[in-house]
$ cat data29.txt   # compact mmCIF, C-alpha atoms
# COMPACT_ATOMS: atom_id res chain seq x y z
CA MET A 1 27.33 -34.06 -30.68
CA THR A 2 29.64 -31.81 -28.66
CA THR A 3 30.09 -29.53 -31.66
CA ASN A 4 26.31 -29.09 -32.04
CA THR A 5 25.96 -28.34 -28.33
CA ASP A 6 28.76 -25.77 -28.46
CA SER A 7 27.18 -24.21 -31.54
CA ARG A 8 23.79 -23.90 -29.85
CA GLY A 9 25.46 -22.43 -26.75
CA PHE A 10 27.34 -19.88 -28.85
CA ARG A 11 24.18 -18.85 -30.70
CA ALA A 12 22.28 -18.51 -27.45
CA ARG A 13 25.08 -16.39 -25.95
CA ALA A 14 25.26 -14.23 -29.09
CA ARG A 15 21.49 -13.71 -29.00
CA GLU A 16 21.64 -12.80 -25.29
CA THR A 17 24.45 -10.33 -25.94
CA LEU A 18 22.66 -8.67 -28.86
CA LEU A 19 19.39 -8.52 -26.91
CA ALA A 20 21.09 -6.91 -23.92
CA ALA A 21 22.74 -4.31 -26.16
CA VAL A 22 19.49 -3.45 -27.95
CA ARG A 23 17.56 -3.26 -24.68
CA GLY A 24 20.22 -1.03 -23.16
CA LEU A 25 20.13 1.25 -26.21
CA VAL A 26 16.34 1.52 -26.07
CA LEU A 27 16.50 2.27 -22.34
CA ALA A 28 19.13 4.96 -22.88
CA LEU A 29 17.08 6.63 -25.61
CA VAL A 30 14.00 6.64 -23.37
CA ILE A 31 15.72 7.42 -20.04
CA LEU A 32 17.12 10.82 -20.86
CA PRO A 33 13.93 12.61 -22.06
CA VAL A 34 11.55 10.84 -19.66
CA SER A 35 13.69 11.24 -16.53
CA VAL A 36 14.55 14.87 -17.27
CA LEU A 37 10.90 15.69 -17.97
CA CYS A 38 9.60 13.95 -14.84
CA PHE A 39 12.27 15.52 -12.62
CA ALA A 40 11.60 19.00 -14.00
CA LEU A 41 7.82 18.64 -13.63
CA ALA A 42 8.17 17.39 -10.05
CA ALA A 43 10.44 20.27 -9.07
CA MET A 44 8.17 22.81 -10.73
CA SER A 45 5.01 21.37 -9.17
CA VAL A 46 6.48 21.32 -5.64
CA ALA A 47 7.63 24.92 -6.12
CA LEU A 48 4.04 25.90 -7.00
CA ILE A 49 2.55 24.41 -3.80
CA PRO A 50 2.63 27.75 -1.87
CA ILE A 51 0.34 29.39 -4.42
CA GLY A 52 -2.04 26.41 -4.52
CA ILE A 53 -1.41 25.12 -8.03
CA GLY A 54 1.02 22.49 -6.81
CA ILE A 55 -1.60 21.06 -4.43
CA VAL A 56 -3.56 19.92 -7.48
CA THR A 57 -0.69 18.94 -9.79
CA THR A 58 1.78 17.30 -7.40
CA PRO A 59 -0.22 14.08 -6.70
CA TRP A 60 -0.69 13.52 -10.44
CA ILE A 61 2.98 14.10 -11.25
CA LEU A 62 4.27 11.98 -8.36
CA GLY A 63 1.79 9.27 -9.34
CA GLY A 64 3.18 9.39 -12.89
CA ILE A 65 6.72 9.07 -11.54
CA ARG A 66 5.60 6.05 -9.56
CA ASP A 67 4.23 4.50 -12.76
CA VAL A 68 7.57 5.11 -14.51
CA ALA A 69 9.43 3.52 -11.59
CA ASP A 70 7.05 0.55 -11.60
CA VAL A 71 7.76 -0.01 -15.31
CA ARG A 72 11.49 -0.06 -14.56
CA ARG A 73 10.92 -2.52 -11.70
CA ARG A 74 9.03 -4.82 -14.06
CA LEU A 75 11.69 -4.60 -16.77
CA ALA A 76 14.43 -5.26 -14.22
CA TYR A 77 12.77 -8.53 -13.23
CA GLU A 78 11.69 -9.63 -16.70
CA TRP A 79 14.99 -8.81 -18.45
CA CYS A 80 17.62 -9.53 -15.81
CA GLY A 81 15.86 -11.21 -12.89
CA VAL A 82 16.60 -8.24 -10.59
CA ARG A 83 13.74 -7.88 -8.12
CA ILE A 84 13.17 -4.32 -6.88
CA ARG A 85 10.73 -3.95 -4.02
CA SER A 86 8.53 -0.96 -3.26
CA ALA A 87 7.03 0.30 -0.01
CA TYR A 88 4.56 3.03 -0.90
CA ARG A 89 2.30 4.20 1.88
CA THR A 90 -1.39 3.68 1.26
CA LEU A 91 -3.51 6.81 0.91
CA PRO A 92 -7.32 6.74 0.95
CA ALA A 93 -8.80 7.19 -2.50
CA ASP A 94 -11.16 9.86 -1.15
CA ALA A 95 -8.45 11.93 0.55
CA ASN A 96 -8.59 15.63 -0.29
CA PRO A 97 -5.83 17.10 -2.51
CA TRP A 98 -4.04 18.72 0.44
CA ALA A 99 -3.83 15.45 2.42
CA ARG A 100 -2.87 13.50 -0.69
CA THR A 101 -0.11 15.93 -1.68
CA PHE A 102 1.61 16.08 1.69
CA GLY A 103 0.98 12.41 2.36
CA MET A 104 2.89 11.57 -0.83
CA LEU A 105 5.66 14.08 -0.08
CA ARG A 106 6.18 12.50 3.35
CA ASP A 107 6.39 9.01 1.84
CA PRO A 108 10.05 7.83 1.86
CA GLN A 109 9.42 5.70 -1.23
CA VAL A 110 8.28 8.75 -3.19
CA GLY A 111 11.48 10.50 -2.12
CA ARG A 112 13.47 7.54 -3.44
CA ASP A 113 11.57 7.77 -6.74
CA VAL A 114 12.55 11.43 -7.21
CA LEU A 115 16.17 10.76 -6.25
CA TRP A 116 16.19 7.86 -8.71
CA LEU A 117 15.17 10.21 -11.53
CA PHE A 118 18.31 12.27 -10.96
CA VAL A 119 20.50 9.17 -10.78
CA ASP A 120 18.75 7.68 -13.82
CA MET A 121 19.38 10.68 -16.04
CA THR A 122 23.12 10.62 -15.20
CA ALA A 123 24.71 7.34 -14.09
CA GLY A 124 21.67 5.33 -15.17
CA PHE A 125 21.85 6.74 -18.70
CA LEU A 126 25.55 5.80 -19.00
CA THR A 127 25.11 2.28 -17.62
CA ALA A 128 22.19 1.66 -19.97
CA LEU A 129 24.12 2.94 -22.98
CA LEU A 130 27.35 1.09 -22.19
CA PRO A 131 26.20 -2.42 -23.32
CA ALA A 132 25.28 -1.06 -26.77
CA VAL A 133 28.52 0.90 -27.06
CA LEU A 134 30.57 -2.11 -26.01
CA LEU A 135 28.93 -4.34 -28.64
CA PHE A 136 28.72 -1.96 -31.59
CA TYR A 137 31.95 0.00 -31.14
CA PRO A 138 34.18 -2.86 -32.41
CA PHE A 139 32.51 -2.69 -35.82
CA GLU A 140 33.96 0.79 -36.26
CA GLY A 141 37.41 -0.75 -35.80
CA PHE A 142 36.68 -3.30 -38.48
CA ALA A 143 35.46 -0.53 -40.80
CA VAL A 144 38.64 1.42 -40.12
CA ALA A 145 40.73 -1.60 -41.20
CA ALA A 146 38.63 -1.81 -44.37
CA GLY A 147 39.64 1.74 -45.30
CA LEU A 148 37.21 4.02 -43.46
CA TRP A 149 40.11 6.03 -42.04
CA ARG A 150 41.11 7.16 -45.54
CA VAL A 151 37.63 8.57 -46.21
CA VAL A 152 37.06 10.21 -42.82
CA ALA A 153 40.56 11.36 -41.79
CA ASP A 154 41.21 13.43 -44.94
CA GLY A 155 44.95 13.29 -44.46
CA GLU A 156 44.85 13.69 -40.68
CA THR A 157 45.35 11.09 -37.98
CA TYR A 158 42.18 9.11 -37.22
CA TRP A 159 41.86 7.95 -33.64
CA TYR A 160 40.15 4.70 -32.78
CA GLY A 161 40.19 4.42 -29.02
CA PHE A 162 43.83 4.95 -28.08
CA VAL A 163 45.14 3.78 -31.50
CA PRO A 164 46.20 6.60 -33.90
CA VAL A 165 45.39 5.38 -37.40
CA ASP A 166 47.61 6.88 -40.09
CA GLY A 167 48.32 3.85 -42.22
CA GLN A 168 47.16 0.35 -42.99
CA ALA A 169 49.28 -1.18 -40.22
CA THR A 170 47.71 0.99 -37.56
CA ALA A 171 44.30 0.38 -39.17
CA LEU A 172 44.84 -3.34 -38.62
CA ALA A 173 45.82 -2.54 -35.03
CA ALA A 174 42.50 -0.74 -34.65
CA ALA A 175 40.73 -3.83 -35.97
CA ALA A 176 42.62 -5.95 -33.44
CA LEU A 177 41.52 -3.63 -30.65
CA GLY A 178 37.96 -3.88 -31.94
CA ALA A 179 38.20 -7.69 -31.83
CA VAL A 180 39.37 -7.54 -28.20
CA VAL A 181 36.49 -5.20 -27.32
CA LEU A 182 34.05 -7.51 -29.14
CA VAL A 183 35.24 -10.47 -27.10
CA GLY A 184 34.74 -8.41 -23.96
CA ALA A 185 31.28 -7.37 -25.15
CA PHE A 186 30.39 -10.99 -25.85
CA ARG A 187 31.29 -11.84 -22.28
CA TYR A 188 30.20 -8.78 -20.29
CA THR A 189 27.33 -7.05 -22.13
CA PRO A 190 24.48 -8.92 -20.32
CA ALA A 191 26.24 -8.30 -16.99
CA LEU A 192 26.46 -4.57 -17.75
CA LEU A 193 22.70 -4.39 -18.34
CA THR A 194 22.21 -6.22 -15.05
CA ALA A 195 24.50 -3.66 -13.41
CA HIS A 196 22.20 -0.90 -14.66
CA PHE A 197 19.21 -2.49 -12.96
CA ARG A 198 21.22 -3.13 -9.81
CA LEU A 199 21.99 0.58 -9.70
CA THR A 200 18.26 1.19 -10.01
CA ARG A 201 17.63 -1.24 -7.16
CA ALA A 202 20.22 0.48 -4.99
CA VAL A 203 18.21 3.70 -5.21
CA LEU A 204 14.61 2.47 -5.41
CA ASP A 205 14.61 -0.54 -3.10
CA PRO A 206 13.52 0.34 0.46
CA GLY A 207 16.27 -1.84 1.95
CA LYS A 208 16.72 -2.65 5.61
CA GLY A 209 15.76 0.81 6.82
CA GLU A 210 12.21 0.33 5.58
CA LEU A 211 12.11 -3.12 7.15
CA VAL A 212 13.20 -1.62 10.48
CA GLU A 213 10.43 0.98 10.19
CA ARG A 214 7.98 -1.77 9.33
CA VAL A 215 8.99 -3.76 12.41
CA ARG A 216 8.57 -0.66 14.54
CA VAL A 217 5.06 -0.05 13.21
CA LEU A 218 4.10 -3.69 13.70
CA THR A 219 5.44 -3.58 17.26
CA GLU A 220 3.36 -0.52 18.04
CA THR A 221 0.21 -1.96 16.50
CA ARG A 222 0.72 -5.24 18.35
CA LYS A 223 1.01 -3.31 21.63
CA ASP A 224 -2.17 -1.41 20.77
CA ALA A 225 -3.93 -4.69 20.00
CA VAL A 226 -2.84 -6.22 23.32
CA ASP A 227 -3.90 -3.11 25.25
CA ALA A 228 -7.25 -3.03 23.46
CA SER A 229 -7.86 -6.71 24.21
CA ALA A 230 -7.02 -6.19 27.89
CA ALA A 231 -9.35 -3.17 28.06
CA GLU A 232 -12.11 -5.17 26.37
CA LEU A 233 -11.73 -8.02 28.86
CA ARG A 234 -11.93 -5.55 31.75
CA ARG A 235 -15.07 -4.02 30.26
CA ILE A 236 -16.71 -7.43 29.87
CA GLU A 237 -15.81 -8.36 33.43
CA ARG A 238 -17.17 -5.06 34.74
CA ASP A 239 -20.40 -5.36 32.77
CA LEU A 240 -20.93 -8.92 33.96
CA HIS A 241 -20.19 -8.03 37.57
CA ASP A 242 -22.25 -4.85 37.72
CA GLY A 243 -25.04 -5.89 35.41
CA ALA A 244 -26.11 -9.42 34.67
CA GLN A 245 -24.35 -11.00 37.66
CA ALA A 246 -25.95 -8.56 40.11
CA ARG A 247 -29.38 -9.20 38.62
CA LEU A 248 -28.93 -12.96 38.81
CA VAL A 249 -27.88 -12.73 42.47
CA ALA A 250 -30.94 -10.59 43.21
CA MET A 251 -33.14 -13.11 41.36
CA GLY A 252 -31.75 -15.92 43.50
CA MET A 253 -32.54 -14.00 46.69
CA ASP A 254 -36.05 -13.21 45.41
CA LEU A 255 -36.67 -16.87 44.58
CA GLY A 256 -35.65 -17.81 48.15
CA THR A 257 -38.07 -15.25 49.51
CA ILE A 258 -40.82 -16.57 47.23
CA GLU A 259 -40.29 -20.09 48.57
CA MET A 260 -40.85 -18.84 52.13
CA LEU A 261 -43.94 -16.80 51.13
CA LEU A 262 -45.72 -19.47 49.08
CA ASP A 263 -47.61 -20.84 52.11
CA LYS A 264 -47.77 -17.69 54.29
CA ASP A 265 -48.58 -14.97 51.71
CA PRO A 266 -49.32 -16.35 48.22
CA GLU A 267 -50.30 -12.89 46.89
CA LYS A 268 -46.98 -11.39 47.88
CA ALA A 269 -45.22 -14.41 46.39
CA ARG A 270 -46.98 -13.85 43.07
CA GLN A 271 -45.89 -10.20 43.04
CA LEU A 272 -42.27 -11.15 43.73
CA LEU A 273 -42.51 -13.83 41.05
CA ALA A 274 -43.64 -11.25 38.50
CA GLN A 275 -40.77 -8.96 39.51
CA THR A 276 -38.31 -11.85 39.20
CA ARG A 277 -39.63 -12.68 35.75
CA GLN A 278 -39.12 -9.05 34.68
CA ALA A 279 -35.62 -9.09 36.17
CA SER A 280 -34.81 -12.22 34.16
CA VAL A 281 -35.94 -10.48 30.96
CA GLU A 282 -33.73 -7.50 31.75
CA ALA A 283 -30.77 -9.75 32.59
CA LEU A 284 -31.24 -11.61 29.32
CA GLY A 285 -31.30 -8.29 27.44
CA GLU A 286 -28.09 -7.19 29.14
CA LEU A 287 -26.41 -10.48 28.25
CA ARG A 288 -27.51 -10.12 24.64
CA ASP A 289 -26.13 -6.57 24.52
CA LEU A 290 -22.89 -7.82 26.06
CA VAL A 291 -22.59 -10.62 23.50
CA ARG A 292 -23.40 -8.18 20.70
CA GLY A 293 -20.60 -5.93 21.97
CA ILE A 294 -18.14 -8.82 21.86
CA HIS A 295 -19.11 -10.17 18.43
CA PRO A 296 -22.56 -9.48 16.97
CA PRO A 297 -24.32 -12.69 15.92
CA VAL A 298 -25.46 -11.09 12.67
CA LEU A 299 -21.81 -10.40 11.81
CA ALA A 300 -20.88 -14.06 12.24
CA GLU A 301 -23.97 -15.35 10.44
CA ARG A 302 -24.50 -12.88 7.58
CA GLY A 303 -21.29 -10.89 7.17
CA LEU A 304 -20.13 -7.31 7.43
CA GLY A 305 -22.64 -5.73 5.06
CA ASP A 306 -25.76 -6.99 6.86
CA ALA A 307 -24.16 -6.30 10.26
CA VAL A 308 -23.62 -2.64 9.31
CA ARG A 309 -27.18 -2.43 7.96
CA ALA A 310 -28.49 -3.79 11.26
CA LEU A 311 -26.33 -1.28 13.12
CA ALA A 312 -27.72 1.56 11.01
CA LEU A 313 -31.30 0.56 11.80
CA ARG A 314 -30.65 1.12 15.52
CA LEU A 315 -29.34 4.66 15.04
CA PRO A 316 -31.56 7.68 15.79
CA VAL A 317 -30.32 9.39 12.61
CA PRO A 318 -31.49 8.04 9.20
CA THR A 319 -28.53 6.18 7.72
CA GLU A 320 -28.18 4.94 4.15
CA VAL A 321 -25.86 1.94 3.68
CA THR A 322 -24.43 0.88 0.32
CA VAL A 323 -22.62 -2.46 0.20
CA GLU A 324 -20.64 -3.86 -2.74
CA LEU A 325 -18.81 -6.86 -1.30
CA PRO A 326 -18.65 -9.93 -3.57
CA GLY A 327 -17.48 -12.14 -0.70
CA ARG A 328 -16.47 -12.16 2.95
CA ALA A 329 -13.23 -11.12 4.61
CA ASP A 330 -11.57 -13.02 7.42
CA ALA A 331 -13.48 -12.91 10.70
CA PRO A 332 -10.93 -10.69 12.55
CA VAL A 333 -10.97 -8.17 9.69
CA GLU A 334 -14.77 -8.11 9.62
CA SER A 335 -14.88 -7.61 13.38
CA ALA A 336 -12.36 -4.75 13.28
CA ALA A 337 -14.21 -3.09 10.40
CA TYR A 338 -17.58 -3.46 12.13
CA PHE A 339 -16.48 -1.89 15.40
CA ALA A 340 -14.61 0.85 13.53
CA VAL A 341 -17.80 1.73 11.64
CA SER A 342 -19.77 1.54 14.90
CA GLU A 343 -17.41 4.02 16.60
CA VAL A 344 -17.46 6.43 13.64
CA LEU A 345 -21.26 6.32 13.47
CA THR A 346 -21.52 6.90 17.22
CA ASN A 347 -19.29 9.97 16.89
CA ALA A 348 -21.37 11.26 13.99
CA VAL A 349 -24.63 10.88 15.92
CA LYS A 350 -23.23 12.52 19.07
CA HIS A 351 -21.18 15.37 17.66
CA SER A 352 -21.98 16.16 14.02
CA GLY A 353 -25.54 17.44 14.32
CA ALA A 354 -26.29 15.86 10.94
CA ASP A 355 -29.78 14.69 10.03
CA ARG A 356 -28.56 12.02 7.63
CA ILE A 357 -25.54 9.72 7.31
CA TRP A 358 -24.23 7.70 4.37
CA VAL A 359 -22.10 4.56 4.69
CA ASP A 360 -20.38 2.95 1.70
CA LEU A 361 -18.59 -0.41 1.83
CA HIS A 362 -16.82 -1.85 -1.19
CA HIS A 363 -13.81 -3.97 -2.05
CA VAL A 364 -11.02 -2.95 -4.41
CA PRO A 365 -9.34 -6.09 -5.83
CA ASP A 366 -6.20 -4.31 -7.11
CA GLY A 367 -2.89 -4.88 -5.33
CA GLY A 368 -4.00 -7.89 -3.29
CA GLY A 369 -7.34 -6.42 -2.25
CA MET A 370 -8.52 -3.53 -0.11
CA LEU A 371 -11.69 -3.18 1.98
CA ARG A 372 -12.68 0.48 1.73
CA ILE A 373 -15.32 2.03 3.97
CA SER A 374 -16.48 5.65 3.96
CA VAL A 375 -18.86 7.31 6.42
CA THR A 376 -20.19 10.72 5.34
CA ASP A 377 -22.41 13.27 7.05
CA HIS A 378 -23.24 16.91 6.30
CA GLY A 379 -23.01 18.05 9.89
CA ARG A 380 -21.00 20.86 11.44
CA GLY A 381 -17.58 19.34 10.63
CA GLY A 382 -14.38 20.00 12.54
CA ALA A 383 -13.64 16.34 13.34
CA VAL A 384 -9.96 15.58 13.97
CA VAL A 385 -7.90 12.51 14.82
CA GLY A 386 -6.26 13.34 18.14
CA ALA A 387 -5.40 11.96 21.52
CA GLY A 388 -8.50 11.09 23.46
CA SER A 389 -10.83 11.15 20.48
CA GLY A 390 -12.81 8.14 19.34
CA LEU A 391 -11.19 8.41 15.90
CA ALA A 392 -7.75 7.87 17.43
CA GLY A 393 -9.00 4.56 18.83
CA VAL A 394 -10.38 3.62 15.42
CA GLU A 395 -7.00 4.43 13.85
CA ARG A 396 -5.23 2.16 16.35
CA ARG A 397 -7.74 -0.64 15.75
CA LEU A 398 -7.22 -0.44 11.98
CA GLY A 399 -3.44 -0.19 12.39
CA THR A 400 -3.45 -3.68 13.89
CA PHE A 401 -4.47 -4.95 10.44
CA ASP A 402 -2.19 -2.57 8.52
CA GLY A 403 -5.20 -0.39 7.80
CA VAL A 404 -5.38 3.39 7.56
CA LEU A 405 -7.89 6.08 8.43
CA ALA A 406 -8.28 9.49 6.79
CA VAL A 407 -10.60 12.30 7.86
CA SER A 408 -11.80 15.18 5.73
CA SER A 409 -13.87 17.49 7.94
CA PRO A 410 -13.68 21.21 7.20
CA VAL A 411 -15.49 23.52 9.60
CA GLY A 412 -19.09 23.69 8.45
CA GLY A 413 -18.98 20.20 6.98
CA PRO A 414 -19.35 17.85 5.35
CA THR A 415 -17.34 15.20 7.18
CA MET A 416 -15.99 12.13 5.40
CA VAL A 417 -14.17 9.41 7.31
CA THR A 418 -12.46 6.88 5.04
CA MET A 419 -11.07 3.56 6.30
CA GLU A 420 -9.04 1.03 4.34
CA ILE A 421 -7.95 -2.44 5.40
CA PRO A 422 -5.85 -4.68 3.13
CA CYS A 423 -7.66 -8.00 2.74
CA ALA A 424 -8.89 -10.55 0.24
CA LEU A 425 -12.48 -11.78 0.05
CA SER A 426 -13.44 -15.44 0.03
$ encode --input "data29.txt" --output "structure tokens"
Amino acid sequence: MTTNTDSRGFRARARETLLAAVRGLVLALVILPVSVLCFALAAMSVALIPIGIGIVTTPWILGGIRDVADVRRRLAYEWCGVRIRSAYRTLPADANPWARTFGMLRDPQVGRDVLWLFVDMTAGFLTALLPAVLLFYPFEGFAVAAGLWRVVADGETYWYGFVPVDGQATALAAAALGAVVLVGAFRYTPALLTAHFRLTRAVLDPGKGELVERVRVLTETRKDAVDASAAELRRIERDLHDGAQARLVAMGMDLGTIEMLLDKDPEKARQLLAQTRQASVEALGELRDLVRGIHPPVLAERGLGDAVRALALRLPVPTEVTVELPGRADAPVESAAYFAVSEVLTNAVKHSGADRIWVDLHHVPDGGGMLRISVTDHGRGGAVVGAGSGLAGVERRLGTFDGVLAVSSPVGGPTMVTMEIPCALS
């Protein structure tokens, strides 16, 4: 029973060793041409940015490098269990080539990808090739002992490793060295392939620095969320105090006056009663507007798509809304998206001078899911995200949910504002 178990263990180890050597050889044969080509294309494309050609080609080439890196990440996990994380920054799909190019060049993960290409074509190539060399090199020693040295050396000394082969005795010594190397290969070949992927992880993985940056961003967005909540509470308190509360106090005073006039001057009492009724209608309207500003009922009842359609109907500019949402996002995400769209539409109506606006909402399921919203108008353009602008507030609101905002607004128009929020739909 023990013999059978040992035999199965030996066969499994031999298979693992052979598989690691073959995989390493395949990687080495692919690494050199692919890495050199990608590195050369990236350098050439970046060099062509000043004349405009690189603006078009760089995003495609860097995207291809990302695909190559993602394949290596997958192989590292599937072959050796080495998990390599990535931390690419999200760019809006509708971003113009200029914004996409420089957005990718500023991404630290893209920089790690390019650095990895250089490491991969040098140290990575050697570490991938080493498992195959370690496994297959001993067979040359065995061939030397079988007489290969006589055929190849042609009267000269044949070197196998550090053993000079000039006779059968030294040929047997070469075979002994090959046996020692084979034993080492049997033991260390899978570990050497793992070492190759660990080298890849050392370059590609974002590490603690990215986590520190992530914590910093989350801290800032949390502060923005707290400040926004405090400002919203102050606004609600102010609106209640100056609006509905003042009207209700006035209604109470009018009702007291009406009570005193019922017997003395019924006609005057009826007039005050009519005024009080009108004041109650206005107070109710203000309360409804206030509630709608906090969380629109249609958003809670019918979802983001219908809430944006209802918002569009109240705008003075004709607005076309296209919705492709197969489900609903979480309530906080829907609320953030709704008010972001509301702010962007308000800016478009006030400042763009456009006579028509288009709103598109759809969900991209790839990568965990992304809610993507674009608002387009053909107005005068020139919109920017800056301090004091409404778009800066929208960017902070989206940042609370790890969302991004991109603006394409050349002078003369058109203007396209794209918002993305990572989320899944239920």
$ residues_around --input "data29.txt" --residues "region 192-195 of chain A" --least-positions-apart "3" --cutoff "6 Å" --atoms "all atoms listed in the file" --output "JSON, numbers by chain"
{"A": [80, 131, 189, 198]}
$ atom_distance --input "data29.txt" --atom1 "CA of Pro108 (chain A)" --atom2 "CA of Ile84 (chain A)"
15.3 Å
$ residues_around --input "data29.txt" --residues "Trp159 (chain A)" --least-positions-apart "5" --cutoff "12 Å" --atoms "only C-alpha atoms" --output "list of chain:residue names"
A:Glu140, A:Gly141, A:Val144, A:Leu148, A:Trp149, A:Arg150, A:Val152, A:Ala153, A:Pro164, A:Val165, A:Asp166, A:Gly167, A:Thr170, A:Ala171, A:Ala173, A:Ala174, A:Leu177
$ closest_residue --input "data29.txt" --among "A:Val417, A:Ala279, A:Val249, A:Ala128" --to "Val26 (chain A)" --atoms "all atoms listed in the file"
A:Ala128
$ closest_residue --input "data29.txt" --among "A:Asp355, A:Asp265, A:Asp330, A:Ala307" --to "Ser342 (chain A)" --atoms "only C-alpha atoms"
A:Ala307
$ atom_distance --input "data29.txt" --atom1 "CA of Val323 (chain A)" --atom2 "CA of Pro410 (chain A)"
26.3 Å
$ closest_residue --input "data29.txt" --among "A:Val68, A:Ala87, A:Val349, A:Met121" --to "Pro318 (chain A)" --atoms "all atoms listed in the file"
A:Val349
$ atom_distance --input "data29.txt" --atom1 "CA of Glu156 (chain A)" --atom2 "CA of Leu172 (chain A)"
17.2 Å
$ residues_around --input "data29.txt" --residues "Val411 (chain A)" --least-positions-apart "2" --cutoff "12 Å" --atoms "only C-alpha atoms" --output "MDAnalysis selection string"
chainID A and resid 352 378:384 408:409 413:415
$ closest_residue --input "data29.txt" --among "A:Val407, A:Leu284, A:Leu261, A:Cys423" --to "Leu325 (chain A)" --atoms "all atoms listed in the file"
A:Cys423
$ residues_around --input "data29.txt" --residues "Thr101 (chain A)" --least-positions-apart "3" --cutoff "9 Å" --atoms "all atoms listed in the file" --output "short mmCIF file (atom, residue, chain, number, x, y, z; two decimals) with C-alpha atoms, in the frame of the given file"
data_model
loop_
_atom_site.label_atom_id
_atom_site.label_comp_id
_atom_site.auth_asym_id
_atom_site.auth_seq_id
_atom_site.Cartn_x
_atom_site.Cartn_y
_atom_site.Cartn_z
CA GLY A 54 1.02 22.49 -6.81
CA ILE A 55 -1.60 21.06 -4.43
CA VAL A 56 -3.56 19.92 -7.48
CA THR A 57 -0.69 18.94 -9.79
CA THR A 58 1.78 17.30 -7.40
CA PRO A 59 -0.22 14.08 -6.70
CA LEU A 62 4.27 11.98 -8.36
CA ASN A 96 -8.59 15.63 -0.29
CA PRO A 97 -5.83 17.10 -2.51
CA TRP A 98 -4.04 18.72 0.44
CA MET A 104 2.89 11.57 -0.83
CA LEU A 105 5.66 14.08 -0.08
CA ARG A 106 6.18 12.50 3.35
#
$ closest_residue --input "data29.txt" --among "A:Thr400, A:Asp377, A:Glu420, A:Val394" --to "Leu361 (chain A)" --atoms "all atoms listed in the file"
A:Glu420
$ closest_residue --input "data29.txt" --among "A:Val359, A:Ala21, A:Ile421, A:Ala392" --to "Ala337 (chain A)" --atoms "all atoms listed in the file"
A:Ile421
$ residues_around --input "data29.txt" --residues "region 274-278 of chain A" --least-positions-apart "4" --cutoff "8 Å" --atoms "all atoms listed in the file" --output "PyMOL selection string"
chain A and resi 251+254-255+270+282
$ write_last_selection --input "data29.txt" --atoms "C-alpha atoms" --output "JSON list (two decimals), in the frame of the given file"
[["chain", "number", "residue", "atom", "x", "y", "z"],
["A", 251, "MET", "CA", -33.14, -13.11, 41.36],
["A", 254, "ASP", "CA", -36.05, -13.21, 45.41],
["A", 255, "LEU", "CA", -36.67, -16.87, 44.58],
["A", 270, "ARG", "CA", -46.98, -13.85, 43.07],
["A", 282, "GLU", "CA", -33.73, -7.50, 31.75]]
